[in-house]
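Text of entry_27.cif, listed as mmCIF, C-alpha atoms:
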```cif
data_start
#
loop_
_atom_site.label_atom_id
_atom_site.label_comp_id
_atom_site.auth_asym_id
_atom_site.auth_seq_id
_atom_site.Cartn_x
_atom_site.Cartn_y
_atom_site.Cartn_z
CA MET A 1 115.98 157.26 -33.00
CA GLY A 2 119.34 158.55 -34.24
CA PHE A 3 121.16 161.68 -33.13
CA GLU A 4 119.66 164.87 -34.55
CA LYS A 5 121.68 168.07 -34.54
CA ILE A 6 118.82 170.46 -33.83
CA THR A 7 121.26 173.36 -33.42
CA GLU A 8 121.99 173.14 -37.17
CA GLU A 9 118.40 172.90 -38.39
CA PRO A 10 117.06 175.74 -40.59
CA SER A 11 115.77 178.83 -38.83
CA GLU A 12 112.02 179.03 -38.41
CA TYR A 13 112.24 182.52 -39.87
CA ARG A 14 112.74 183.34 -43.55
CA HIS A 15 113.98 186.39 -45.45
CA LEU A 16 115.74 187.98 -42.49
CA ASP A 17 117.36 190.39 -44.91
CA LYS A 18 113.92 191.75 -45.82
CA MET A 19 112.83 192.39 -42.22
CA SER A 20 112.81 195.84 -40.66
CA VAL A 21 115.08 196.51 -37.67
CA HIS A 22 112.02 196.34 -35.42
CA GLU A 23 110.96 192.96 -36.83
CA ILE A 24 114.45 191.51 -36.39
CA LEU A 25 114.67 192.65 -32.77
CA VAL A 26 111.17 191.43 -31.90
CA ASN A 27 111.84 188.02 -33.44
CA ILE A 28 115.22 187.58 -31.75
CA ASN A 29 113.65 188.57 -28.44
CA HIS A 30 110.84 186.08 -29.00
CA GLU A 31 113.36 183.29 -29.54
CA ASP A 32 115.44 184.32 -26.54
CA LYS A 33 112.41 184.01 -24.25
CA SER A 34 112.45 180.26 -24.82
CA VAL A 35 115.96 179.80 -23.44
CA PRO A 36 115.25 179.98 -19.67
CA LEU A 37 112.44 177.44 -20.12
CA ALA A 38 114.87 175.05 -21.82
CA VAL A 39 117.31 175.56 -18.94
CA GLU A 40 114.50 174.83 -16.46
CA ASN A 41 113.99 171.46 -18.13
CA ALA A 42 117.64 170.63 -17.39
CA LEU A 43 117.67 171.64 -13.71
CA SER A 44 117.86 168.07 -12.41
CA GLN A 45 120.92 167.44 -14.61
CA ILE A 46 122.56 170.66 -13.42
CA GLU A 47 121.90 169.75 -9.79
CA LYS A 48 123.69 166.42 -10.08
CA LEU A 49 126.80 168.02 -11.60
CA VAL A 50 126.86 170.85 -9.04
CA ALA A 51 126.80 168.32 -6.19
CA VAL A 52 129.84 166.52 -7.62
CA ILE A 53 131.78 169.74 -8.21
CA THR A 54 131.04 170.97 -4.68
CA ASP A 55 132.28 167.73 -3.12
CA LYS A 56 135.43 167.72 -5.24
CA MET A 57 136.28 171.36 -4.53
CA LEU A 58 135.76 170.90 -0.79
CA MET A 59 138.30 168.08 -1.02
CA GLY A 60 140.85 170.31 -2.75
CA GLY A 61 139.94 169.66 -6.37
CA ARG A 62 139.56 172.10 -9.26
CA LEU A 63 136.97 172.77 -11.94
CA PHE A 64 137.91 172.87 -15.62
CA TYR A 65 135.85 174.15 -18.53
CA ILE A 66 137.01 173.04 -21.96
CA GLY A 67 135.52 174.07 -25.30
CA ALA A 68 136.11 175.51 -28.76
CA GLY A 69 134.95 178.77 -30.33
CA THR A 70 132.03 180.46 -28.57
CA SER A 71 131.72 177.60 -26.09
CA GLY A 72 135.38 177.87 -25.11
CA ARG A 73 135.13 181.64 -24.72
CA LEU A 74 132.10 181.32 -22.44
CA GLY A 75 133.99 178.89 -20.21
CA ILE A 76 136.95 181.26 -19.98
CA LEU A 77 134.61 184.15 -19.19
CA ASP A 78 132.97 182.30 -16.30
CA ALA A 79 136.30 181.09 -14.91
CA SER A 80 137.83 184.57 -15.08
CA GLU A 81 134.98 186.12 -13.10
CA ILE A 82 135.21 183.80 -10.10
CA PRO A 83 138.31 185.25 -8.36
CA PRO A 84 137.13 188.90 -8.34
CA THR A 85 133.52 188.01 -7.50
CA PHE A 86 134.10 185.43 -4.79
CA GLY A 87 137.72 186.02 -3.75
CA MET A 88 138.78 182.57 -4.92
CA PRO A 89 142.47 182.03 -5.76
CA TYR A 90 143.27 181.94 -9.45
CA GLY A 91 143.78 178.43 -10.76
CA LEU A 92 140.89 176.71 -8.98
CA ILE A 93 138.43 177.25 -11.84
CA ILE A 94 140.17 177.11 -15.21
CA GLY A 95 138.88 177.75 -18.73
CA ILE A 96 140.61 176.10 -21.69
CA ILE A 97 139.88 176.86 -25.34
CA ALA A 98 140.93 174.98 -28.47
CA GLY A 99 143.71 176.96 -30.11
CA GLY A 100 144.92 178.58 -26.90
CA GLU A 101 144.87 182.29 -26.05
CA THR A 102 144.86 183.33 -29.71
CA ALA A 103 141.46 181.66 -30.13
CA ILE A 104 139.86 183.89 -27.49
CA GLN A 105 139.70 186.69 -30.07
CA LYS A 106 140.42 185.01 -33.39
CA PRO A 107 139.42 181.63 -34.84
CA VAL A 108 142.27 179.11 -35.04
CA GLU A 109 141.92 176.90 -38.09
CA ASN A 110 141.13 173.22 -37.40
CA ALA A 111 141.81 173.59 -33.65
CA GLU A 112 138.44 172.10 -32.69
CA ASP A 113 138.97 169.07 -34.94
CA ASP A 114 142.03 167.74 -33.07
CA LYS A 115 140.69 164.95 -30.87
CA ASP A 116 143.95 164.52 -28.93
CA GLN A 117 144.79 168.14 -28.14
CA GLY A 118 142.09 168.70 -25.51
CA TRP A 119 143.61 166.09 -23.22
CA LEU A 120 147.11 167.43 -23.85
CA ASP A 121 145.91 170.91 -22.89
CA LEU A 122 144.43 169.53 -19.66
CA LEU A 123 147.71 167.79 -18.86
CA GLU A 124 149.42 171.20 -18.90
CA TYR A 125 147.54 171.79 -15.65
CA ALA A 126 148.28 168.32 -14.22
CA VAL A 127 144.59 167.43 -14.22
CA ASN A 128 143.87 164.52 -11.87
CA GLU A 129 141.19 162.47 -10.10
CA LYS A 130 140.42 165.26 -7.61
CA ASP A 131 139.23 167.54 -10.42
CA VAL A 132 136.04 167.89 -12.49
CA VAL A 133 136.15 168.62 -16.24
CA ILE A 134 133.13 170.09 -18.03
CA GLY A 135 133.11 169.92 -21.83
CA ILE A 136 131.16 172.73 -23.48
CA ALA A 137 129.92 172.33 -27.07
CA ALA A 138 126.58 173.52 -28.41
CA SER A 139 126.56 170.82 -31.10
CA GLY A 140 127.84 168.07 -28.83
CA THR A 141 130.08 166.86 -31.65
CA THR A 142 133.32 168.86 -31.25
CA PRO A 143 136.24 166.37 -31.48
CA TYR A 144 138.55 168.50 -29.29
CA VAL A 145 136.06 168.37 -26.43
CA ILE A 146 134.92 164.76 -26.93
CA GLY A 147 138.53 163.55 -26.95
CA ALA A 148 139.27 165.41 -23.73
CA LEU A 149 136.33 163.80 -21.93
CA GLU A 150 137.16 160.35 -23.30
CA ALA A 151 140.64 160.60 -21.81
CA CYS A 152 139.29 161.94 -18.51
CA ARG A 153 137.00 158.94 -18.18
CA LYS A 154 139.95 156.65 -18.87
CA TYR A 155 141.84 158.22 -15.97
CA HIS A 156 138.84 158.27 -13.62
CA ILE A 157 138.36 162.05 -13.68
CA SER A 158 134.77 163.22 -13.13
CA THR A 159 133.21 164.73 -16.24
CA GLY A 160 130.19 166.82 -17.19
CA CYS A 161 129.10 168.60 -20.33
CA ILE A 162 126.87 171.42 -21.51
CA THR A 163 125.35 170.91 -24.94
CA CYS A 164 122.23 171.99 -26.82
CA ASN A 165 121.44 168.74 -28.63
CA ALA A 166 119.93 165.69 -26.94
CA GLY A 167 121.75 162.38 -27.16
CA SER A 168 124.94 163.84 -28.63
CA PRO A 169 128.32 162.05 -28.78
CA LEU A 170 129.59 164.46 -26.12
CA SER A 171 126.76 163.59 -23.74
CA LYS A 172 127.63 159.93 -24.10
CA GLU A 173 131.18 160.65 -22.90
CA ALA A 174 130.08 162.71 -19.87
CA GLU A 175 129.12 161.18 -16.55
CA TYR A 176 126.91 164.16 -15.83
CA PRO A 177 125.56 165.55 -19.13
CA ILE A 178 123.53 168.74 -19.24
CA GLU A 179 121.38 169.05 -22.36
CA VAL A 180 119.61 172.37 -22.93
CA VAL A 181 117.66 171.95 -26.17
CA VAL A 182 116.80 175.45 -27.40
CA GLY A 183 115.89 174.51 -30.98
CA PRO A 184 117.01 176.07 -34.27
CA GLU A 185 118.74 179.45 -34.12
CA PHE A 186 117.26 182.68 -35.51
CA VAL A 187 120.16 182.79 -37.97
CA THR A 188 120.58 179.17 -39.08
CA GLY A 189 123.46 177.50 -37.25
CA SER A 190 124.54 180.63 -35.35
CA THR A 191 124.94 178.93 -31.99
CA ARG A 192 126.42 182.03 -30.37
CA MET A 193 122.78 183.12 -30.05
CA LYS A 194 120.26 180.94 -28.14
CA SER A 195 122.73 178.11 -27.55
CA GLY A 196 125.38 180.51 -26.27
CA THR A 197 122.83 182.21 -24.02
CA ALA A 198 121.76 178.84 -22.62
CA GLN A 199 125.38 177.86 -21.94
CA LYS A 200 126.03 181.17 -20.17
CA LEU A 201 122.96 180.74 -17.98
CA VAL A 202 124.02 177.21 -17.01
CA LEU A 203 127.60 178.31 -16.28
CA ASN A 204 126.27 181.12 -14.07
CA MET A 205 124.15 178.60 -12.18
CA ILE A 206 126.95 176.08 -11.75
CA SER A 207 129.68 178.42 -10.55
CA THR A 208 127.43 180.60 -8.37
CA THR A 209 125.78 177.62 -6.68
CA VAL A 210 129.14 175.95 -6.04
CA MET A 211 130.57 179.15 -4.58
CA ILE A 212 127.58 179.48 -2.23
CA GLN A 213 127.87 175.82 -1.23
CA ILE A 214 131.56 176.09 -0.35
CA GLY A 215 131.02 179.20 1.79
CA ARG A 216 132.03 182.09 -0.45
CA VAL A 217 128.68 183.90 0.09
CA GLU A 218 127.08 184.81 3.40
CA ASP A 219 123.38 185.69 3.50
CA ASN A 220 123.13 187.24 0.02
CA LYS A 221 126.45 189.08 0.07
CA MET A 222 129.75 188.60 -1.79
CA VAL A 223 131.80 188.93 1.41
CA ASN A 224 134.96 187.63 -0.25
CA MET A 225 134.95 189.80 -3.38
CA GLN A 226 138.24 191.37 -4.45
CA LEU A 227 138.47 195.12 -3.93
CA THR A 228 139.67 195.94 -7.41
CA ASN A 229 137.92 199.27 -8.04
CA SER A 230 136.20 202.16 -6.25
CA LYS A 231 132.71 200.73 -6.88
CA LEU A 232 133.57 197.46 -5.14
CA ILE A 233 135.35 199.25 -2.29
CA ASP A 234 132.26 201.39 -1.71
CA ARG A 235 130.01 198.33 -1.84
CA GLY A 236 132.29 196.46 0.56
CA THR A 237 132.45 199.39 2.98
CA LYS A 238 128.66 199.65 3.15
CA MET A 239 128.40 195.89 3.52
CA LEU A 240 130.84 195.96 6.44
CA MET A 241 128.90 198.79 8.10
CA GLU A 242 125.66 196.83 7.74
CA ARG A 243 127.12 193.59 9.09
CA THR A 244 129.02 195.09 12.06
CA GLY A 245 127.03 198.16 13.06
CA ILE A 246 129.94 200.51 12.40
CA LYS A 247 128.47 203.98 11.75
CA ASP A 248 131.58 205.75 10.47
CA TYR A 249 132.02 205.19 6.70
CA GLU A 250 135.72 206.16 6.68
CA LYS A 251 136.48 203.92 9.65
CA ALA A 252 134.74 200.98 7.95
CA LYS A 253 136.59 201.69 4.71
CA GLU A 254 139.93 201.81 6.53
CA LEU A 255 139.27 198.41 8.12
CA LEU A 256 138.15 196.96 4.81
CA MET A 257 141.28 198.11 3.00
CA LYS A 258 143.51 196.90 5.83
CA TYR A 259 142.09 193.37 5.87
CA GLY A 260 141.27 193.03 2.17
CA SER A 261 137.74 191.63 2.34
CA VAL A 262 134.45 192.12 4.17
CA LYS A 263 134.76 188.69 5.76
CA LYS A 264 138.23 189.27 7.20
CA ALA A 265 137.44 192.80 8.37
CA GLU A 266 134.23 191.60 10.01
CA GLY A 267 136.18 188.87 11.78
CA PHE A 268 138.48 191.48 13.28
CA VAL A 269 135.51 193.52 14.52
CA VAL A 270 133.82 190.46 16.01
CA ARG A 271 137.02 189.54 17.88
CA GLY A 272 136.84 192.90 19.61
CA LEU A 273 137.52 196.17 17.89
#
```
Take the structure I supplied and represent it as structure tokens, if you would.
Amino acid sequence: MGFEKITEEPSEYRHLDKMSVHEILVNINHEDKSVPLAVENALSQIEKLVAVITDKMLMGGRLFYIGAGTSGRLGILDASEIPPTFGMPYGLIIGIIAGGETAIQKPVENAEDDKDQGWLDLLEYAVNEKDVVIGIAASGTTPYVIGALEACRKYHISTGCITCNAGSPLSKEAEYPIEVVVGPEFVTGSTRMKSGTAQKLVLNMISTTVMIQIGRVEDNKMVNMQLTNSKLIDRGTKMLMERTGIKDYEKAKELLMKYGSVKKAEGFVVRGL
């Protein structure tokens, strides 16, 4: 059986322009409900890739996401949220998008069609065998992403992918493919919808699980989060009070601000406040 691009098949709904607002919302919601079930079917694939990323990061490697359009933006979003959430240094999880920073907000003509540029963009970060590169493309046919993974394989760099078509050219280039088949979109070909939601769910799972595995979460708490606003400072203060038994809110807050994270402040208390 040949490769079928299910993401581009006609919507199962007709005459969207004739639907009421209520009908549109109900139908979109109905389609969205199918996404977590499609992700569930890919859990074994996700698990294999997470294990590789965890091992590589514990050995000093990095994680790269590379994509074009919506897929590229989702990778950048996930990468950008890791330092503030888990206190990881910037530069350990990196998102790359075809067309560069301009493409985050505006489409860059033909950027995704350049099969050589993805690898060149990775080389800007001195990508190497210690790293893992995940190609993200709903269709599984984006030349920019396929070319990047082809080159990675040539240089013995571990690769994964997240796509929404089974048996795609991208999956064939990835050592650890993740295929979340969500079916045709509500608006034909609009892969920012179900496909984008599926990719976001998988990215959440990958990065969160890796962060837990490498020790950035204790119990169910983000003990290494960056204290970048009053909400997080308040959350961190209460977390420190809970974990150490300190009763005085202001005292706990002072320690938190002095040491910069719940984990470091707790360590000071444990050593003998």
Which residues of stretch 106-214 of chain A come within 12 Å of stretch 65-72 of chain A, and what is each one's closest atom pair and distance in Å (one decimal), counting only C-alpha atoms, sorted by chain and residue number, as CSV?
```
residue,atom,partner,partner_atom,distance
A:Lys106,CA,A:Gly69,CA,8.8
A:Pro107,CA,A:Gly69,CA,7.0
A:Val108,CA,A:Gly69,CA,8.7
A:Glu109,CA,A:Gly69,CA,10.6
A:Asn110,CA,A:Ala68,CA,10.3
A:Ala111,CA,A:Ala68,CA,7.8
A:Glu112,CA,A:Ala68,CA,5.7
A:Asp113,CA,A:Ala68,CA,9.4
A:Asp114,CA,A:Ala68,CA,10.7
A:Lys115,CA,A:Ala68,CA,11.7
A:Gln117,CA,A:Ile66,CA,11.1
A:Gly118,CA,A:Ile66,CA,7.6
A:Trp119,CA,A:Ile66,CA,9.7
A:Leu120,CA,A:Ile66,CA,11.7
A:Asp121,CA,A:Ile66,CA,9.2
A:Leu122,CA,A:Ile66,CA,8.5
A:Val127,CA,A:Tyr65,CA,11.8
A:Asp131,CA,A:Tyr65,CA,11.0
A:Val132,CA,A:Tyr65,CA,8.7
A:Val133,CA,A:Tyr65,CA,6.0
A:Ile134,CA,A:Tyr65,CA,4.9
A:Gly135,CA,A:Ile66,CA,5.0
A:Ile136,CA,A:Gly67,CA,4.9
A:Ala137,CA,A:Ser71,CA,5.7
A:Ala138,CA,A:Ser71,CA,7.0
A:Ser139,CA,A:Ser71,CA,9.9
A:Gly140,CA,A:Gly67,CA,10.4
A:Thr141,CA,A:Ala68,CA,10.9
A:Thr142,CA,A:Ala68,CA,7.6
A:Pro143,CA,A:Ala68,CA,9.5
A:Tyr144,CA,A:Ala68,CA,7.4
A:Val145,CA,A:Gly67,CA,5.8
A:Ile146,CA,A:Gly67,CA,9.5
A:Gly147,CA,A:Ile66,CA,10.8
A:Ala148,CA,A:Ile66,CA,8.2
A:Leu149,CA,A:Ile66,CA,9.3
A:Cys152,CA,A:Ile66,CA,11.8
A:Thr159,CA,A:Tyr65,CA,10.0
A:Gly160,CA,A:Tyr65,CA,9.4
A:Cys161,CA,A:Tyr65,CA,8.9
A:Ile162,CA,A:Ser71,CA,9.1
A:Thr163,CA,A:Ser71,CA,9.3
A:Cys164,CA,A:Ser71,CA,11.0
A:Leu170,CA,A:Gly67,CA,11.3
A:Ser190,CA,A:Thr70,CA,10.1
A:Thr191,CA,A:Thr70,CA,8.0
A:Arg192,CA,A:Thr70,CA,6.1
A:Met193,CA,A:Thr70,CA,9.7
A:Lys194,CA,A:Thr70,CA,11.8
A:Ser195,CA,A:Ser71,CA,9.1
A:Gly196,CA,A:Ser71,CA,7.0
A:Thr197,CA,A:Ser71,CA,10.2
A:Ala198,CA,A:Ser71,CA,10.6
A:Gln199,CA,A:Ser71,CA,7.6
A:Lys200,CA,A:Ser71,CA,9.0
A:Val202,CA,A:Ser71,CA,11.9
A:Leu203,CA,A:Tyr65,CA,9.5
A:Ile206,CA,A:Tyr65,CA,11.4
A:Ser207,CA,A:Tyr65,CA,11.0
```
Quick one: apply the PyMOL selection byres ((chain A and resi 46) around 10) to the file and drop the selected residues here as a list in words. Val39, Glu40, Asn41, Ala42, Leu43, Ser44, Gln45, Glu47, Lys48, Leu49, Val50, Ala51, Gly160, Cys161, Ile162, Tyr176, Pro177, Ile178, Glu179, Val202, Leu203, Met205 and Ile206 of chain A
The PyMOL selection byres ((chain A and resi 7) around 7) resolved against shown file, as a ChimeraX atom specification: /A:5-6,8-9,139,164-165,183-185,189,191
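Coordinates place atom CA of A:Ala166 at a distance of 15.1 Å from atom CA of A:Val35.
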Residue with smallest distance to A:Thr188 - pool A:Phe3, A:Tyr13, A:Tyr90, A:Tyr249, counting only C-alpha atoms: A:Tyr13
Gap from atom CA of A:Met222 to atom CA of A:Gly236 - Å, one decimal: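 Interatomic distance here is 8.6 Å.
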Please return stretch 30-46 of chain A, rebuilt to N, CA and C atoms, as an mmCIF file, keeping the file's coordinate frame.
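Result file follows (selection-v4.cif):
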```cif
data_model
loop_
_atom_site.group_PDB
_atom_site.id
_atom_site.type_symbol
_atom_site.label_atom_id
_atom_site.label_comp_id
_atom_site.auth_asym_id
_atom_site.auth_seq_id
_atom_site.Cartn_x
_atom_site.Cartn_y
_atom_site.Cartn_z
ATOM 1 N N HIS A 30 111.800 187.177 -29.143
ATOM 2 C CA HIS A 30 110.840 186.080 -29.000
ATOM 3 C C HIS A 30 111.558 184.741 -28.839
ATOM 4 N N GLU A 31 112.592 184.531 -29.643
ATOM 5 C CA GLU A 31 113.360 183.290 -29.540
ATOM 6 C C GLU A 31 114.102 183.198 -28.213
ATOM 7 N N ASP A 32 114.664 184.319 -27.784
ATOM 8 C CA ASP A 32 115.440 184.320 -26.540
ATOM 9 C C ASP A 32 114.577 183.969 -25.329
ATOM 10 N N LYS A 33 113.301 184.306 -25.382
ATOM 11 C CA LYS A 33 112.410 184.010 -24.250
ATOM 12 C C LYS A 33 112.290 182.512 -23.987
ATOM 13 N N SER A 34 112.575 181.707 -24.993
ATOM 14 C CA SER A 34 112.450 180.260 -24.820
ATOM 15 C C SER A 34 113.631 179.639 -24.090
ATOM 16 N N VAL A 35 114.730 180.380 -23.988
ATOM 17 C CA VAL A 35 115.960 179.800 -23.440
ATOM 18 C C VAL A 35 115.836 179.444 -21.956
ATOM 19 N N PRO A 36 115.361 180.355 -21.087
ATOM 20 C CA PRO A 36 115.250 179.980 -19.670
ATOM 21 C C PRO A 36 114.342 178.773 -19.435
ATOM 22 N N LEU A 37 113.324 178.608 -20.263
ATOM 23 C CA LEU A 37 112.440 177.440 -20.120
ATOM 24 C C LEU A 37 113.183 176.157 -20.465
ATOM 25 N N ALA A 38 114.059 176.228 -21.472
ATOM 26 C CA ALA A 38 114.870 175.050 -21.820
ATOM 27 C C ALA A 38 115.847 174.732 -20.699
ATOM 28 N N VAL A 39 116.402 175.767 -20.077
ATOM 29 C CA VAL A 39 117.310 175.560 -18.940
ATOM 30 C C VAL A 39 116.546 174.926 -17.774
ATOM 31 N N GLU A 40 115.322 175.392 -17.544
ATOM 32 C CA GLU A 40 114.500 174.830 -16.460
ATOM 33 C C GLU A 40 114.311 173.323 -16.639
ATOM 34 N N ASN A 41 114.168 172.894 -17.871
ATOM 35 C CA ASN A 41 113.990 171.460 -18.130
ATOM 36 C C ASN A 41 115.238 170.651 -17.796
ATOM 37 N N ALA A 42 116.374 171.331 -17.668
ATOM 38 C CA ALA A 42 117.640 170.630 -17.390
ATOM 39 C C ALA A 42 118.089 170.785 -15.938
ATOM 40 N N LEU A 43 117.256 171.349 -15.078
ATOM 41 C CA LEU A 43 117.670 171.640 -13.710
ATOM 42 C C LEU A 43 118.138 170.398 -12.946
ATOM 43 N N SER A 44 117.462 169.291 -13.140
ATOM 44 C CA SER A 44 117.860 168.070 -12.410
ATOM 45 C C SER A 44 119.250 167.613 -12.846
ATOM 46 N N GLN A 45 119.578 167.790 -14.129
ATOM 47 C CA GLN A 45 120.920 167.440 -14.610
ATOM 48 C C GLN A 45 121.956 168.389 -14.028
ATOM 49 N N ILE A 46 121.635 169.664 -13.974
ATOM 50 C CA ILE A 46 122.560 170.660 -13.420
ATOM 51 C C ILE A 46 122.821 170.369 -11.949
#
```
